[in-house]
file work_31.cif (mmCIF, C-alpha atoms)
data_data
#
loop_
_atom_site.label_atom_id
_atom_site.label_comp_id
_atom_site.auth_asym_id
_atom_site.auth_seq_id
_atom_site.Cartn_x
_atom_site.Cartn_y
_atom_site.Cartn_z
CA ILE A 196 127.32 1.10 69.93
CA PRO A 197 123.81 2.59 69.70
CA ILE A 198 123.49 6.05 71.26
CA GLU A 199 120.83 4.57 73.52
CA SER A 200 123.42 2.20 74.98
CA LYS A 201 123.56 2.22 78.79
CA ALA A 202 127.36 2.49 78.66
CA VAL A 203 127.18 5.67 76.59
CA THR A 204 124.44 7.09 78.79
CA ASP A 205 126.46 6.39 81.95
CA ALA A 206 129.59 7.90 80.42
CA LEU A 207 127.75 11.05 79.42
CA SER A 208 126.20 11.26 82.85
CA LYS A 209 129.61 11.08 84.52
CA VAL A 210 131.00 13.77 82.22
CA GLN A 211 128.01 15.98 83.02
CA GLN A 212 128.40 15.43 86.77
CA ALA A 213 132.13 16.17 86.57
CA ALA A 214 131.48 19.38 84.64
CA GLU A 215 128.83 20.48 87.13
CA ALA A 216 131.14 19.73 90.06
CA TYR A 217 133.97 21.66 88.39
CA PHE A 218 131.91 24.78 87.81
CA ALA A 219 130.36 24.51 91.27
CA SER A 220 133.85 24.48 92.78
CA ILE A 221 134.73 27.59 90.75
CA ARG A 222 131.63 29.35 92.05
CA ARG A 223 132.52 28.38 95.62
CA SER A 224 136.08 29.63 95.16
CA VAL A 225 134.91 32.95 93.73
CA SER A 226 132.54 33.33 96.66
CA GLU A 227 135.28 32.59 99.20
CA TYR A 228 137.67 35.04 97.55
CA ASP A 229 134.94 37.67 97.63
CA GLN A 230 134.27 36.99 101.32
CA VAL A 231 137.92 37.64 102.18
CA LEU A 232 137.96 40.94 100.31
CA ASN A 233 134.58 41.96 101.68
CA ALA A 234 135.78 41.40 105.27
CA GLN A 235 138.74 43.68 104.57
CA ARG A 236 136.46 46.25 102.98
CA MET A 237 134.24 46.33 106.05
CA ALA A 238 137.29 46.70 108.32
CA LEU A 239 138.53 49.61 106.23
CA TYR A 240 135.11 51.27 106.27
CA ALA A 241 135.04 50.93 110.06
CA ALA A 242 138.45 52.63 110.28
CA ARG A 243 137.24 55.43 108.00
CA GLN A 244 134.10 55.90 110.05
CA LYS A 245 136.17 56.44 113.19
CA PHE A 246 138.07 59.31 111.61
CA LEU A 247 135.13 60.69 109.68
CA PHE A 248 132.78 61.09 112.61
CA ALA A 249 135.14 61.42 115.57
CA SER A 250 134.72 64.42 117.86
CA ARG A 251 137.76 66.56 118.52
CA ASP A 252 138.56 64.58 121.67
CA GLY A 253 137.97 61.31 119.86
CA LEU A 254 140.17 62.37 116.98
CA GLU A 255 142.87 63.47 119.39
CA GLY A 256 142.83 59.98 120.89
CA LEU A 257 143.12 58.38 117.45
CA ILE A 258 146.11 60.52 116.46
CA GLU A 259 147.84 59.96 119.77
CA GLY A 260 147.31 56.25 119.18
CA TYR A 261 148.94 56.69 115.78
CA CYS A 262 151.90 58.32 117.53
CA ARG A 263 152.29 55.45 119.98
CA ASP A 264 151.94 52.76 117.33
CA THR A 265 154.49 54.45 115.10
CA VAL A 266 156.95 54.73 117.97
CA GLY A 267 156.33 51.02 118.49
CA ASP A 268 157.48 50.46 114.89
CA ILE A 269 160.61 52.57 115.32
CA VAL A 270 162.06 51.80 118.74
CA PRO A 271 162.69 48.01 118.42
CA ASN A 272 164.99 48.65 115.44
CA TYR A 273 167.44 50.47 117.73
CA LEU A 274 167.49 48.06 120.68
CA GLY A 275 169.10 44.72 121.42
CA ASP A 276 172.63 43.69 120.56
CA LYS A 277 173.03 46.64 118.21
CA SER A 278 171.61 49.25 120.56
CA ASP A 279 171.89 52.68 118.94
CA THR A 280 170.40 55.49 120.98
CA GLU A 281 172.03 58.08 118.72
CA GLY A 282 170.29 56.60 115.72
CA LEU A 283 167.01 56.37 117.65
CA SER A 284 167.28 60.00 118.66
CA ASN A 285 167.84 61.08 115.05
CA LYS A 286 164.97 58.96 113.78
CA LEU A 287 162.51 60.34 116.32
CA LYS A 288 163.54 63.90 115.47
CA GLN A 289 163.12 63.11 111.77
CA PHE A 290 159.66 61.57 112.07
CA PHE A 291 158.38 63.86 114.83
CA PRO A 292 160.13 67.14 113.95
CA THR A 293 158.40 69.17 116.68
CA VAL A 294 159.53 66.84 119.47
CA PRO A 295 161.31 68.73 122.28
CA GLY A 296 165.00 68.02 121.84
CA ASP A 297 165.64 67.41 125.53
CA LEU A 298 163.15 64.50 125.52
CA VAL A 299 164.95 62.54 122.82
CA GLN A 300 168.61 63.40 123.35
CA ALA A 301 170.76 60.33 122.88
CA GLU A 302 172.08 60.63 126.44
CA LYS A 303 168.56 60.85 127.80
CA LEU A 304 167.44 57.77 125.84
CA LYS A 305 170.54 55.85 126.90
CA SER A 306 169.80 56.53 130.55
CA CYS A 307 166.29 55.05 130.26
CA PRO A 308 165.94 51.40 131.28
CA GLU A 309 164.97 49.41 128.19
CA LYS A 310 161.59 48.51 129.70
CA GLU A 311 160.78 52.20 130.15
CA LEU A 312 162.27 53.47 126.90
CA LEU A 313 159.24 52.67 124.74
CA LYS A 314 156.88 54.50 127.10
CA HIS A 315 159.20 57.48 127.25
CA CYS A 316 159.41 57.70 123.45
CA GLU A 317 155.62 57.37 123.17
CA MET A 318 155.22 60.27 125.58
CA ALA A 319 157.69 62.34 123.55
CA ALA A 320 155.84 61.63 120.29
CA VAL A 321 152.47 62.57 121.80
CA GLU A 322 154.00 65.78 123.12
CA ALA A 323 155.39 66.51 119.66
CA TRP A 324 151.91 66.13 118.17
CA LYS A 325 150.38 68.49 120.73
CA ILE A 326 152.97 71.10 119.82
CA LYS A 327 152.34 70.65 116.09
CA CYS A 328 148.56 70.71 116.54
CA ASN A 329 148.74 73.90 118.61
CA SER A 330 150.94 75.59 116.01
CA LEU A 331 148.35 74.83 113.31
CA ASP A 332 145.52 76.00 115.55
CA GLU A 333 147.27 79.35 115.88
CA ILE A 334 146.74 79.79 112.15
CA ARG A 335 143.08 78.77 112.33
CA THR A 336 141.15 77.25 115.19
CA GLY A 337 140.73 73.51 114.68
CA LEU A 338 143.16 73.33 111.76
CA GLY A 339 145.44 70.82 113.49
CA MET A 340 142.86 68.11 114.03
CA GLU A 341 141.07 68.72 110.72
CA THR A 342 144.39 68.33 108.92
CA ALA A 343 144.97 65.03 110.70
CA ARG A 344 141.43 63.88 109.85
CA TYR A 345 141.79 64.76 106.17
CA LEU A 346 145.21 63.13 105.78
CA SER A 347 144.10 59.97 107.58
CA LEU A 348 141.06 59.58 105.33
CA THR A 349 142.91 60.28 102.09
CA GLN A 350 145.68 57.83 102.96
CA LEU A 351 143.17 55.08 103.71
CA ASP A 352 141.35 55.75 100.44
CA ASP A 353 144.46 55.96 98.27
CA LEU A 354 146.13 52.89 99.71
CA TRP A 355 142.89 50.89 99.52
CA CYS A 356 142.84 51.43 95.74
CA GLU A 357 146.41 50.13 95.52
CA HIS A 358 145.50 47.25 97.81
CA LEU A 359 142.71 46.11 95.48
CA ASP A 360 145.24 45.77 92.66
CA ARG A 361 147.56 43.76 94.91
CA MET A 362 144.72 41.46 95.94
CA ASP A 363 143.85 40.84 92.28
CA LEU A 364 147.45 39.87 91.59
CA LEU A 365 147.46 37.69 94.69
CA LYS A 366 144.33 35.86 93.54
CA GLU A 367 146.03 35.01 90.28
CA SER A 368 149.26 33.85 91.89
CA VAL A 369 147.80 31.62 94.63
CA GLY A 370 146.20 29.38 92.02
CA MET A 371 149.63 27.80 91.56
CA GLU A 372 149.72 26.78 95.22
CA VAL A 373 147.62 23.72 94.41
CA PHE A 374 150.67 22.23 92.69
CA ARG A 375 152.59 22.60 95.96
CA GLY A 376 149.89 20.79 97.88
CA ASN A 377 148.55 23.99 99.46
CA ASP A 378 145.01 25.30 99.52
CA PRO A 379 144.81 28.45 97.34
CA ILE A 380 142.00 29.94 99.44
CA THR A 381 144.00 29.51 102.66
CA GLU A 382 147.03 31.11 101.02
CA TYR A 383 144.87 33.97 99.77
CA LYS A 384 143.48 34.57 103.25
CA ASP A 385 146.88 34.44 104.97
CA ARG A 386 148.78 36.59 102.48
CA GLY A 387 145.83 38.93 102.08
CA ARG A 388 145.76 39.45 105.84
CA GLU A 389 149.40 40.51 105.79
CA LEU A 390 148.81 42.86 102.86
CA PHE A 391 145.90 44.46 104.72
CA LYS A 392 148.03 44.92 107.85
CA ASP A 393 150.63 46.63 105.67
CA LEU A 394 147.92 48.90 104.24
CA LEU A 395 146.80 50.05 107.68
CA GLY A 396 150.36 50.51 108.91
CA ASN A 397 151.40 52.49 105.85
CA ALA A 398 148.26 54.64 106.03
CA ARG A 399 149.02 55.41 109.68
CA ARG A 400 152.65 56.32 109.12
CA ASN A 401 152.02 58.31 105.94
CA ALA A 402 149.17 60.32 107.47
CA LEU A 403 151.08 61.03 110.66
CA TYR A 404 154.30 62.11 108.98
CA SER A 405 152.38 64.25 106.48
CA ALA A 406 150.61 65.99 109.34
CA PHE A 407 153.89 66.74 111.07
CA VAL A 408 155.54 68.24 108.00
CA TYR A 409 152.43 70.10 106.79
CA GLU A 410 152.96 73.85 106.58
CA PRO A 411 150.01 75.91 105.30
CA ARG A 412 150.83 78.39 102.60
CA ALA A 413 150.75 81.98 103.71
CA LYS A 414 147.98 83.98 102.05
#
call {"tool": "encode", "arguments": {"input": "work_31.cif", "output": "structure tokens"}}
result
Amino acid sequence: IPIESKAVTDALSKVQQAAEAYFASIRRSVSEYDQVLNAQRMALYAARQKFLFASRDGLEGLIEGYCRDTVGDIVPNYLGDKSDTEGLSNKLKQFFPTVPGDLVQAEKLKSCPEKELLKHCEMAAVEAWKIKCNSLDEIRTGLGMETARYLSLTQLDDLWCEHLDRMDLLKESVGMEVFRGNDPITEYKDRGRELFKDLLGNARRNALYSAFVYEPRAK
């Protein structure tokens, strides 16, 4: 068949169109993956900005929020059919070592109605932070809040670096979802969202616990 044949020309044209469509889809996919990661990056930067530029009062509110959220992670594990106020008491003392013992005694927690228990434990955790912050301030004015600021920022930064590696691995793995009839981009968004939530939760817990156990070296 002569190379000028219409059949050959049409066939080549279809191959060219298919190739262009294939590479265009790759470019779109790369762009969509980048958009997901960029949205997470902006959310992380916003979280960093809060800690970086917060006033003392603003920072105090952020750390007290960390206390409440962390209590919210802990308490549900000790309620329900396997209610364990002794275990809850020990866990609160472990995570918030400066908490006044009378606030988290097992008997005290057991006497709290379940609907009020979470609020009570939140109050105890916030009180524990105030005690810890004051003890650091006795060493140097402002040390308590500056320690919390520093630890919060470093945890966000360190865990973000680890998160980027996890997102790269996720991008590679979701490509196989097409064989299960799933959209890889949707899977990347959904799983990536859960990974990012884990990042923020781990950063919060790590920073808070580190602040509670921090003891400056005597000079």
call {"tool": "resolve_selection", "arguments": {"input": "work_31.cif", "expression": "the PyMOL selection byres ((chain A and resi 400-405) around 9)", "output": "PyMOL selection string"}}
result
chain A and resi 258+261-262+264-265+290-291+343-351+395-399+406-409
call {"tool": "atom_distance", "arguments": {"input": "work_31.cif", "atom1": "CA of Lys384 (chain A)", "atom2": "CA of Ala242 (chain A)"}}
result
20.0 Å
call {"tool": "residues_around", "arguments": {"input": "work_31.cif", "residues": "Gly267 (chain A)", "least_positions_apart": "3", "cutoff": "12 Å", "atoms": "all atoms listed in the file", "output": "JSON, numbers by chain"}}
result
{"A": [260, 261, 262, 263, 264, 270, 271, 272, 273, 274, 283, 287, 312, 313, 314, 315, 316, 317, 318, 320, 396, 400]}
call {"tool": "resolve_selection", "arguments": {"input": "work_31.cif", "expression": "the PyMOL selection byres ((chain A and resi 304) around 10)", "output": "PyMOL selection string"}}
result
chain A and resi 279-281+283-284+297-303+305-309+311-313+315-316
call {"tool": "closest_residue", "arguments": {"input": "work_31.cif", "among": "A:Gly387, A:Gly339, A:Pro379, A:Pro292", "to": "Asn233 (chain A)", "atoms": "only C-alpha atoms"}}
result
A:Gly387
call {"tool": "atom_distance", "arguments": {"input": "work_31.cif", "atom1": "CA of Ile380 (chain A)", "atom2": "CA of Cys356 (chain A)"}}
result
21.8 Å
call {"tool": "axis_aligned_box", "arguments": {"input": "work_31.cif", "around": "region 330-334 of chain A", "padding_each_side": "8 Å", "output": "AutoDock Vina command-line options"}}
result
--center_x 148.2 --center_y 77.3 --center_z 114.1 --size_x 21.4 --size_y 21.0 --size_z 19.9
call {"tool": "resolve_selection", "arguments": {"input": "work_31.cif", "expression": "the PyMOL selection byres ((chain A and resi 331) around 10)", "output": "list in words"}}
result
Lys325, Ile326, Lys327, Cys328, Asn329, Ser330, Asp332, Glu333, Ile334, Arg335, Thr336, Gly337, Leu338, Gly339, Met340, Glu341, Thr342, Ala406, Tyr409, Glu410 and Pro411 of chain A
call {"tool": "closest_residue", "arguments": {"input": "work_31.cif", "among": "A:Leu257, A:Leu232, A:Leu390, A:Ala323", "to": "Gln244 (chain A)", "atoms": "only C-alpha atoms"}}
result
A:Leu257
call {"tool": "atom_distance", "arguments": {"input": "work_31.cif", "atom1": "CA of Asp360 (chain A)", "atom2": "CA of Asp378 (chain A)"}}
result
21.6 Å
call {"tool": "closest_residue", "arguments": {"input": "work_31.cif", "among": "A:Val266, A:Glu372, A:Trp355, A:Asn285", "to": "Met237 (chain A)", "atoms": "all atoms listed in the file"}}
result
A:Trp355
call {"tool": "closest_residue", "arguments": {"input": "work_31.cif", "among": "A:Trp324, A:Ala234, A:Arg243, A:Ser278", "to": "Glu259 (chain A)", "atoms": "only C-alpha atoms"}}
result
A:Trp324
call {"tool": "closest_residue", "arguments": {"input": "work_31.cif", "among": "A:Leu365, A:His358, A:Asp252, A:Gly275", "to": "Lys392 (chain A)", "atoms": "only C-alpha atoms"}}
result
A:His358
call {"tool": "build_atoms", "arguments": {"input": "work_31.cif", "residues": "region 360-371 of chain A", "atoms": "all heavy atoms", "output": "PDB file, in the coordinates of the input"}}
result
ATOM      1  N   ASP A 360     144.410  46.293  93.743  1.00  0.00           N
ATOM      2  CA  ASP A 360     145.240  45.770  92.660  1.00  0.00           C
ATOM      3  C   ASP A 360     146.134  44.639  93.152  1.00  0.00           C
ATOM      4  O   ASP A 360     146.313  43.616  92.467  1.00  0.00           O
ATOM      5  CB  ASP A 360     146.113  46.891  92.065  1.00  0.00           C
ATOM      6  CG  ASP A 360     145.292  47.933  91.320  1.00  0.00           C
ATOM      7  OD1 ASP A 360     144.180  47.601  90.858  1.00  0.00           O
ATOM      8  OD2 ASP A 360     145.759  49.087  91.188  1.00  0.00           O
ATOM      9  N   ARG A 361     146.694  44.800  94.348  1.00  0.00           N
ATOM     10  CA  ARG A 361     147.560  43.760  94.910  1.00  0.00           C
ATOM     11  C   ARG A 361     146.766  42.481  95.187  1.00  0.00           C
ATOM     12  O   ARG A 361     147.262  41.373  94.975  1.00  0.00           O
ATOM     13  CB  ARG A 361     148.231  44.260  96.191  1.00  0.00           C
ATOM     14  CG  ARG A 361     149.256  45.352  95.966  1.00  0.00           C
ATOM     15  CD  ARG A 361     150.084  45.590  97.208  1.00  0.00           C
ATOM     16  NE  ARG A 361     151.118  46.583  96.983  1.00  0.00           N
ATOM     17  CZ  ARG A 361     151.018  47.868  97.289  1.00  0.00           C
ATOM     18  NH1 ARG A 361     149.905  48.313  97.869  1.00  0.00           N
ATOM     19  NH2 ARG A 361     151.997  48.715  97.045  1.00  0.00           N
ATOM     20  N   MET A 362     145.543  42.643  95.655  1.00  0.00           N
ATOM     21  CA  MET A 362     144.720  41.460  95.940  1.00  0.00           C
ATOM     22  C   MET A 362     144.331  40.733  94.652  1.00  0.00           C
ATOM     23  O   MET A 362     144.222  39.503  94.631  1.00  0.00           O
ATOM     24  CB  MET A 362     143.476  41.861  96.723  1.00  0.00           C
ATOM     25  CG  MET A 362     143.757  42.346  98.145  1.00  0.00           C
ATOM     26  SD  MET A 362     144.515  41.084  99.215  1.00  0.00           S
ATOM     27  CE  MET A 362     143.092  40.024  99.539  1.00  0.00           C
ATOM     28  N   ASP A 363     144.125  41.478  93.576  1.00  0.00           N
ATOM     29  CA  ASP A 363     143.850  40.840  92.280  1.00  0.00           C
ATOM     30  C   ASP A 363     145.045  40.024  91.817  1.00  0.00           C
ATOM     31  O   ASP A 363     144.900  38.886  91.334  1.00  0.00           O
ATOM     32  CB  ASP A 363     143.506  41.899  91.229  1.00  0.00           C
ATOM     33  CG  ASP A 363     142.078  42.413  91.352  1.00  0.00           C
ATOM     34  OD1 ASP A 363     141.255  41.711  91.992  1.00  0.00           O
ATOM     35  OD2 ASP A 363     141.788  43.498  90.831  1.00  0.00           O
ATOM     36  N   LEU A 364     146.236  40.595  91.963  1.00  0.00           N
ATOM     37  CA  LEU A 364     147.450  39.870  91.590  1.00  0.00           C
ATOM     38  C   LEU A 364     147.651  38.648  92.476  1.00  0.00           C
ATOM     39  O   LEU A 364     148.070  37.578  92.003  1.00  0.00           O
ATOM     40  CB  LEU A 364     148.665  40.792  91.692  1.00  0.00           C
ATOM     41  CG  LEU A 364     148.733  41.943  90.676  1.00  0.00           C
ATOM     42  CD1 LEU A 364     149.900  42.871  90.999  1.00  0.00           C
ATOM     43  CD2 LEU A 364     148.871  41.399  89.260  1.00  0.00           C
ATOM     44  N   LEU A 365     147.326  38.803  93.755  1.00  0.00           N
ATOM     45  CA  LEU A 365     147.460  37.690  94.690  1.00  0.00           C
ATOM     46  C   LEU A 365     146.522  36.550  94.311  1.00  0.00           C
ATOM     47  O   LEU A 365     146.906  35.379  94.348  1.00  0.00           O
ATOM     48  CB  LEU A 365     147.165  38.163  96.111  1.00  0.00           C
ATOM     49  CG  LEU A 365     147.217  37.104  97.212  1.00  0.00           C
ATOM     50  CD1 LEU A 365     148.607  36.484  97.291  1.00  0.00           C
ATOM     51  CD2 LEU A 365     146.824  37.701  98.561  1.00  0.00           C
ATOM     52  N   LYS A 366     145.296  36.888  93.928  1.00  0.00           N
ATOM     53  CA  LYS A 366     144.330  35.860  93.540  1.00  0.00           C
ATOM     54  C   LYS A 366     144.833  35.034  92.365  1.00  0.00           C
ATOM     55  O   LYS A 366     144.645  33.828  92.310  1.00  0.00           O
ATOM     56  CB  LYS A 366     142.991  36.515  93.183  1.00  0.00           C
ATOM     57  CG  LYS A 366     141.860  35.512  92.985  1.00  0.00           C
ATOM     58  CD  LYS A 366     140.643  36.103  92.312  1.00  0.00           C
ATOM     59  CE  LYS A 366     140.080  37.291  93.030  1.00  0.00           C
ATOM     60  NZ  LYS A 366     138.824  37.779  92.418  1.00  0.00           N
ATOM     61  N   GLU A 367     145.495  35.717  91.429  1.00  0.00           N
ATOM     62  CA  GLU A 367     146.030  35.010  90.280  1.00  0.00           C
ATOM     63  C   GLU A 367     147.203  34.110  90.661  1.00  0.00           C
ATOM     64  O   GLU A 367     147.335  32.993  90.160  1.00  0.00           O
ATOM     65  CB  GLU A 367     146.477  36.017  89.212  1.00  0.00           C
ATOM     66  CG  GLU A 367     145.334  36.830  88.608  1.00  0.00           C
ATOM     67  CD  GLU A 367     145.834  37.857  87.606  1.00  0.00           C
ATOM     68  OE1 GLU A 367     147.050  37.820  87.271  1.00  0.00           O
ATOM     69  OE2 GLU A 367     145.031  38.692  87.157  1.00  0.00           O
ATOM     70  N   SER A 368     148.043  34.604  91.554  1.00  0.00           N
ATOM     71  CA  SER A 368     149.260  33.850  91.890  1.00  0.00           C
ATOM     72  C   SER A 368     148.989  32.641  92.777  1.00  0.00           C
ATOM     73  O   SER A 368     149.672  31.620  92.656  1.00  0.00           O
ATOM     74  CB  SER A 368     150.276  34.776  92.555  1.00  0.00           C
ATOM     75  OG  SER A 368     149.817  35.200  93.823  1.00  0.00           O
ATOM     76  N   VAL A 369     148.010  32.729  93.688  1.00  0.00           N
ATOM     77  CA  VAL A 369     147.800  31.620  94.630  1.00  0.00           C
ATOM     78  C   VAL A 369     147.223  30.390  93.942  1.00  0.00           C
ATOM     79  O   VAL A 369     147.247  29.296  94.519  1.00  0.00           O
ATOM     80  CB  VAL A 369     146.878  32.033  95.802  1.00  0.00           C
ATOM     81  CG1 VAL A 369     147.525  33.098  96.650  1.00  0.00           C
ATOM     82  CG2 VAL A 369     145.506  32.466  95.315  1.00  0.00           C
ATOM     83  N   GLY A 370     146.716  30.545  92.729  1.00  0.00           N
ATOM     84  CA  GLY A 370     146.200  29.380  92.020  1.00  0.00           C
ATOM     85  C   GLY A 370     147.266  28.309  91.814  1.00  0.00           C
ATOM     86  O   GLY A 370     146.964  27.110  91.745  1.00  0.00           O
ATOM     87  N   MET A 371     148.533  28.747  91.742  1.00  0.00           N
ATOM     88  CA  MET A 371     149.630  27.800  91.560  1.00  0.00           C
ATOM     89  C   MET A 371     149.944  27.013  92.824  1.00  0.00           C
ATOM     90  O   MET A 371     150.659  26.004  92.775  1.00  0.00           O
ATOM     91  CB  MET A 371     150.891  28.556  91.110  1.00  0.00           C
ATOM     92  CG  MET A 371     150.716  29.336  89.812  1.00  0.00           C
ATOM     93  SD  MET A 371     150.295  28.253  88.422  1.00  0.00           S
ATOM     94  CE  MET A 371     151.824  27.331  88.275  1.00  0.00           C
TER      95      MET A 371
END
